[in-house]
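Some notes on the structure that comes next.
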Amino acid sequence: MCGRYYRRSDKQKIAEAFHATKVGDFPLPPWDYNVAPTSMQPIIRQSRDTGERELVQLRWGLIPFFTKQLSDVKGISTINARAETVATSRTYREPFKKRRCLVPASGFYEWKKLDAKNKQPFAFDLPNGKMMAIAGL
């Protein structure tokens, strides 16, 4: 999965695109062209109380259940779960079973290594310009 993505949509458009019936009360600029891990981002999840889809804001990057404090996460990359091990990995197993979500995005970046010091970003999005969703835990 990508390390960075971008979003060109406000809360209302995201809620409509993903049929979220409940929208959290948080500020959200209508665009973000460089979404980075640990930033607060909108996600779509199923409400524990009602079962309806809701749009909420959460920190990007899984905080493992065994983490005692947030500073313990430094040095642990939790933005990419591998399909081959997501169901068995100690970090991802329970969230994969019980805490899935959708991460609304307009596109994402992949980087091509040009030489030892330089990389070039390439943006990928849908041809029709609509929102996409990245699977999240």
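So you can find residues: chains in the structure tokens are A, B, ... in the order shown, residues in each start at 1, and ligands are numbered from 1 in order.
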(request) Tell me which protein, DNA and RNA residues are within 9 Å of region 27-30 of chain A, counting only C-alpha atoms, leaving out same-chain ones fewer than 2 positions away, and put them as a PyMOL selection string. (result) chain A and resi 7-11+25+32+41-42+57
Among region 35-126 of chain A, which residues does DSSP mark as strand (DSSP E) when it is run on the backbone? Keep the chain and numbering as in the structure and answer as a ChimeraX atom specification.
/A:35,40-46,53-59,101-105,107-113,119-125
Here CA of Lys119 (chain A) and CA of Gly3 (chain A) stand apart by 13.2 Å
task = Would you kindly return, as number ranges by chain, each protein, DNA or RNA residue with an atom no farther than 7 Å from any atom of Met131 (chain A), considering only C-alpha atoms and excluding same-chain residues fewer than 6 positions away?
result = A: 104-106
Asn80 (chain A) proximity check over A:Ile134, A:Lys22, A:Asn34, A:Gln12, using only C-alpha atoms: winner is A:Ile134
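For chain A, backbone-based DSSP assignment of alpha helix (DSSP H) covers Lys11, Gln12, Lys13, Ile14, Ala15, Glu16, Ala17, Arg93, Glu94, Pro95, Phe96, Lys97 and Lys98 of chain A.
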Correct to one decimal, the distance CA of Ala135 (chain A)-CA of Cys101 (chain A) is 6.3 Å
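Atom pair CA of Met40 (chain A) / CA of Asn128 (chain A): separated by 26.7 Å.
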Any idea what's packed within 10 Å of Gln46 (chain A), counting only C-alpha atoms, ignoring anything in its chain fewer than 3 positions away? Could you give it as a JSON list (two decimals) with C-alpha atoms, in the first residue's frame?
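Output contents, as saved in part_8.json:
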[["chain", "number", "residue", "atom", "x", "y", "z"],
["A", 20, "ALA", "CA", -22.64, 7.31, 5.77],
["A", 22, "LYS", "CA", -23.90, 9.70, 10.72],
["A", 49, "ASP", "CA", -24.22, 1.07, 18.60],
["A", 50, "THR", "CA", -26.45, 1.21, 15.53],
["A", 51, "GLY", "CA", -24.63, -0.75, 12.82],
["A", 52, "GLU", "CA", -24.97, 2.24, 10.47],
["A", 53, "ARG", "CA", -22.08, 3.65, 8.49],
["A", 54, "GLU", "CA", -20.52, 6.66, 10.15],
["A", 55, "LEU", "CA", -17.89, 9.18, 9.11],
["A", 99, "ARG", "CA", -12.34, -3.39, 13.32],
["A", 100, "ARG", "CA", -12.35, -2.79, 9.57],
["A", 101, "CYS", "CA", -12.96, 0.56, 7.94],
["A", 102, "LEU", "CA", -12.78, 2.43, 4.65]]
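Comparing the minimum interatomic distances between Phe96 (chain A) and each of A:Val56, A:Ala83, A:Ala123, A:Ile43, counting only C-alpha atoms, we find that A:Ala83 sits nearest.
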request  = Using only C-alpha atoms, find the one residue out of A:Thr85, A:Tyr5, A:Leu58, A:Ser39 that sits nearest to Phe108 (chain A).
outcome  =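 Closest candidate: A:Tyr5.
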